[in-house]
file query-v5.pdb (PDB, C-alpha atoms)
ATOM      1  CA  MET A   1    -227.304  -2.401  47.544
ATOM      2  CA  ILE A   2    -226.729  -2.946  43.830
ATOM      3  CA  ILE A   3    -229.037  -5.415  42.106
ATOM      4  CA  LYS A   4    -228.651  -6.458  38.478
ATOM      5  CA  ALA A   5    -230.391  -9.038  36.329
ATOM      6  CA  SER A   6    -228.354 -11.966  35.059
ATOM      7  CA  ALA A   7    -228.919 -10.642  31.531
ATOM      8  CA  SER A   8    -226.918  -7.541  32.487
ATOM      9  CA  LEU A   9    -224.002  -9.753  33.448
ATOM     10  CA  ARG A  10    -224.176 -11.642  30.152
ATOM     11  CA  ASN A  11    -224.711  -8.570  27.979
ATOM     12  CA  ASP A  12    -222.515  -5.998  29.701
ATOM     13  CA  TYR A  13    -219.860  -7.799  31.732
ATOM     14  CA  THR A  14    -217.357  -4.926  31.525
ATOM     15  CA  THR A  15    -219.761  -2.414  33.040
ATOM     16  CA  ILE A  16    -220.707  -4.778  35.878
ATOM     17  CA  SER A  17    -217.035  -5.614  36.508
ATOM     18  CA  ASN A  18    -216.086  -1.924  36.626
ATOM     19  CA  MET A  19    -219.016  -1.181  38.941
ATOM     20  CA  ALA A  20    -217.878  -3.895  41.371
ATOM     21  CA  LYS A  21    -214.330  -2.526  41.378
ATOM     22  CA  GLU A  22    -215.350   1.124  41.740
ATOM     23  CA  THR A  23    -217.989   0.697  44.437
ATOM     24  CA  LYS A  24    -216.156  -2.082  46.327
ATOM     25  CA  GLU A  25    -219.656  -3.361  47.101
ATOM     26  CA  PRO A  26    -221.200  -6.728  46.324
ATOM     27  CA  ILE A  27    -223.544  -6.800  43.339
ATOM     28  CA  TYR A  28    -226.576  -9.041  43.687
ATOM     29  CA  ILE A  29    -227.445 -10.892  40.491
ATOM     30  CA  THR A  30    -231.014 -12.026  39.965
ATOM     31  CA  LYS A  31    -232.363 -14.737  37.708
ATOM     32  CA  ASN A  32    -236.045 -14.685  36.798
ATOM     33  CA  GLY A  33    -236.582 -11.975  39.418
ATOM     34  CA  GLU A  34    -235.093 -13.985  42.286
ATOM     35  CA  GLY A  35    -231.708 -13.727  43.992
ATOM     36  CA  ASP A  36    -229.155 -16.054  42.405
ATOM     37  CA  LEU A  37    -225.550 -14.887  42.893
ATOM     38  CA  VAL A  38    -223.420 -12.260  44.562
ATOM     39  CA  LEU A  39    -220.550 -10.785  42.571
ATOM     40  CA  MET A  40    -217.696  -8.746  44.011
ATOM     41  CA  SER A  41    -214.219  -7.645  43.027
ATOM     42  CA  ILE A  42    -211.275  -9.755  44.122
ATOM     43  CA  ASP A  43    -209.967  -6.864  46.263
ATOM     44  CA  ALA A  44    -213.309  -6.541  48.073
ATOM     45  CA  PHE A  45    -213.493 -10.314  48.549
ATOM     46  CA  GLU A  46    -209.945 -10.542  49.961
ATOM     47  CA  LYS A  47    -210.584  -7.629  52.336
ATOM     48  CA  ARG A  48    -213.778  -9.300  53.514
ATOM     49  CA  GLU A  49    -211.906 -12.567  54.077
ATOM     50  CA  GLN A  50    -209.225 -10.767  56.123
ATOM     51  CA  ILE A  51    -211.881  -9.131  58.291
ATOM     52  CA  LEU A  52    -213.618 -12.470  58.846
ATOM     53  CA  GLN A  53    -210.319 -14.158  59.780
ATOM     54  CA  LEU A  54    -209.527 -11.362  62.243
ATOM     55  CA  ARG A  55    -212.986 -11.644  63.798
ATOM     56  CA  GLU A  56    -212.500 -15.382  64.133
ATOM     57  CA  LYS A  57    -209.201 -14.844  65.983
ATOM     58  CA  VAL A  58    -210.778 -12.273  68.295
ATOM     59  CA  LEU A  59    -213.679 -14.607  69.079
ATOM     60  CA  GLN A  60    -211.261 -17.465  69.718
ATOM     61  CA  ALA A  61    -209.178 -15.309  72.076
ATOM     62  CA  GLU A  62    -212.311 -14.173  73.891
ATOM     63  CA  GLN A  63    -213.483 -17.767  74.275
ATOM     64  CA  GLU A  64    -210.072 -18.761  75.645
ATOM     65  CA  ARG A  65    -210.295 -15.879  78.128
ATOM     66  CA  LEU A  66    -213.766 -16.980  79.207
ATOM     67  CA  ASP A  67    -212.461 -20.518  79.606
ATOM     68  CA  GLY A  68    -209.863 -19.272  82.080
ATOM     69  CA  ALA A  69    -206.766 -18.722  79.943
ATOM     70  CA  GLU A  70    -204.176 -16.466  81.533
ATOM     71  CA  THR A  71    -204.411 -12.845  80.393
ATOM     72  CA  ILE A  72    -202.287  -9.732  80.768
ATOM     73  CA  SER A  73    -203.168  -6.057  81.021
ATOM     74  CA  ILE A  74    -202.643  -3.583  78.201
ATOM     75  CA  SER A  75    -199.736  -1.987  80.070
ATOM     76  CA  GLU A  76    -198.072  -5.395  80.474
ATOM     77  CA  ALA A  77    -198.588  -6.144  76.767
ATOM     78  CA  ARG A  78    -197.014  -2.794  75.826
ATOM     79  CA  LYS A  79    -194.067  -3.531  78.120
ATOM     80  CA  HIS A  80    -193.531  -6.943  76.481
ATOM     81  CA  LEU A  81    -193.741  -5.402  73.010
ATOM     82  CA  ARG A  82    -191.207  -2.698  73.891
ATOM     83  CA  GLU A  83    -188.844  -5.332  75.271
ATOM     84  CA  ARG A  84    -189.139  -7.338  72.067
ATOM     85  CA  LEU A  85    -188.576  -4.264  69.906
ATOM     86  CA  ASP A  86    -185.529  -3.256  71.938
ATOM     87  CA  GLY A  87    -184.102  -6.713  71.320
ATOM     88  CA  ILE A  88    -184.266  -6.286  67.532
TER
END
call {"tool": "encode", "arguments": {"input": "query-v5.pdb", "output": "C-alpha cells"}}
result
Amino acid sequence: MIIKASASLRNDYTTISNMAKETKEPIYITKNGEGDLVLMSIDAFEKREQILQLREKVLQAEQERLDGAETISISEARKHLRERLDGI
C-alpha cells in the first residue's frame, strides 16, 4: 500500500502520477495524518471497473440460477458456441 501526504501531491504531482502509472496500485493520500483520497491511474481505474462489472454479471447470473432460471451444461454451451461459429 502506498501512502502519501497531500503536500506530496501538491509539491510533486509528476512523481506521484508516474508512481500510480508504474505500480498500477492505488495511492492513498492523507491530509493532516488522516486518510482523505485515493488516487489511481486511469488504466488501473478502468480495469477495476471492468472487473467490478464482470463480477456484477456473474452474481446476477448466479442469482437467476438460484431463482430457478433454466441452465445448460458446459458441454451444451460449447456445442451452441460451435454451432454459432460454424454459421459465421
call {"tool": "resolve_selection", "arguments": {"input": "query-v5.pdb", "expression": "the PyMOL selection byres ((chain A and resi 24) around 8)", "output": "CSV table (one decimal) with C-alpha atoms, in the frame of the given file"}}
result
chain,number,residue,atom,x,y,z
A,19,MET,CA,-219.0,-1.2,38.9
A,20,ALA,CA,-217.9,-3.9,41.4
A,21,LYS,CA,-214.3,-2.5,41.4
A,22,GLU,CA,-215.4,1.1,41.7
A,23,THR,CA,-218.0,0.7,44.4
A,25,GLU,CA,-219.7,-3.4,47.1
A,26,PRO,CA,-221.2,-6.7,46.3
A,40,MET,CA,-217.7,-8.7,44.0
A,41,SER,CA,-214.2,-7.6,43.0
A,43,ASP,CA,-210.0,-6.9,46.3
A,44,ALA,CA,-213.3,-6.5,48.1
call {"tool": "closest_residue", "arguments": {"input": "query-v5.pdb", "among": "A:Leu54, A:Leu66, A:Ile16, A:Ala7", "to": "Lys31 (chain A)", "atoms": "all atoms listed in the file"}}
result
A:Ala7
call {"tool": "residues_near_point", "arguments": {"input": "query-v5.pdb", "point": "(-223.3, -13.6, 42.6)", "cutoff": "7 Å", "atoms": "only C-alpha atoms", "output": "JSON list (two decimals) with C-alpha atoms, keeping the file's coordinate frame"}}
result
[["chain", "number", "residue", "atom", "x", "y", "z"],
["A", 27, "ILE", "CA", -223.54, -6.80, 43.34],
["A", 28, "TYR", "CA", -226.58, -9.04, 43.69],
["A", 29, "ILE", "CA", -227.44, -10.89, 40.49],
["A", 36, "ASP", "CA", -229.16, -16.05, 42.40],
["A", 37, "LEU", "CA", -225.55, -14.89, 42.89],
["A", 38, "VAL", "CA", -223.42, -12.26, 44.56],
["A", 39, "LEU", "CA", -220.55, -10.78, 42.57]]
call {"tool": "closest_residue", "arguments": {"input": "query-v5.pdb", "among": "A:Ile74, A:Leu59, A:Gln50, A:Thr30", "to": "Arg10 (chain A)", "atoms": "only C-alpha atoms"}}
result
A:Thr30
call {"tool": "atom_distance", "arguments": {"input": "query-v5.pdb", "atom1": "CA of Ile2 (chain A)", "atom2": "CA of Ile42 (chain A)"}}
result
16.9 Å
call {"tool": "atom_distance", "arguments": {"input": "query-v5.pdb", "atom1": "CA of Arg78 (chain A)", "atom2": "CA of Lys47 (chain A)"}}
result
27.6 Å
call {"tool": "atom_distance", "arguments": {"input": "query-v5.pdb", "atom1": "CA of Ser6 (chain A)", "atom2": "CA of Leu52 (chain A)"}}
result
28.0 Å
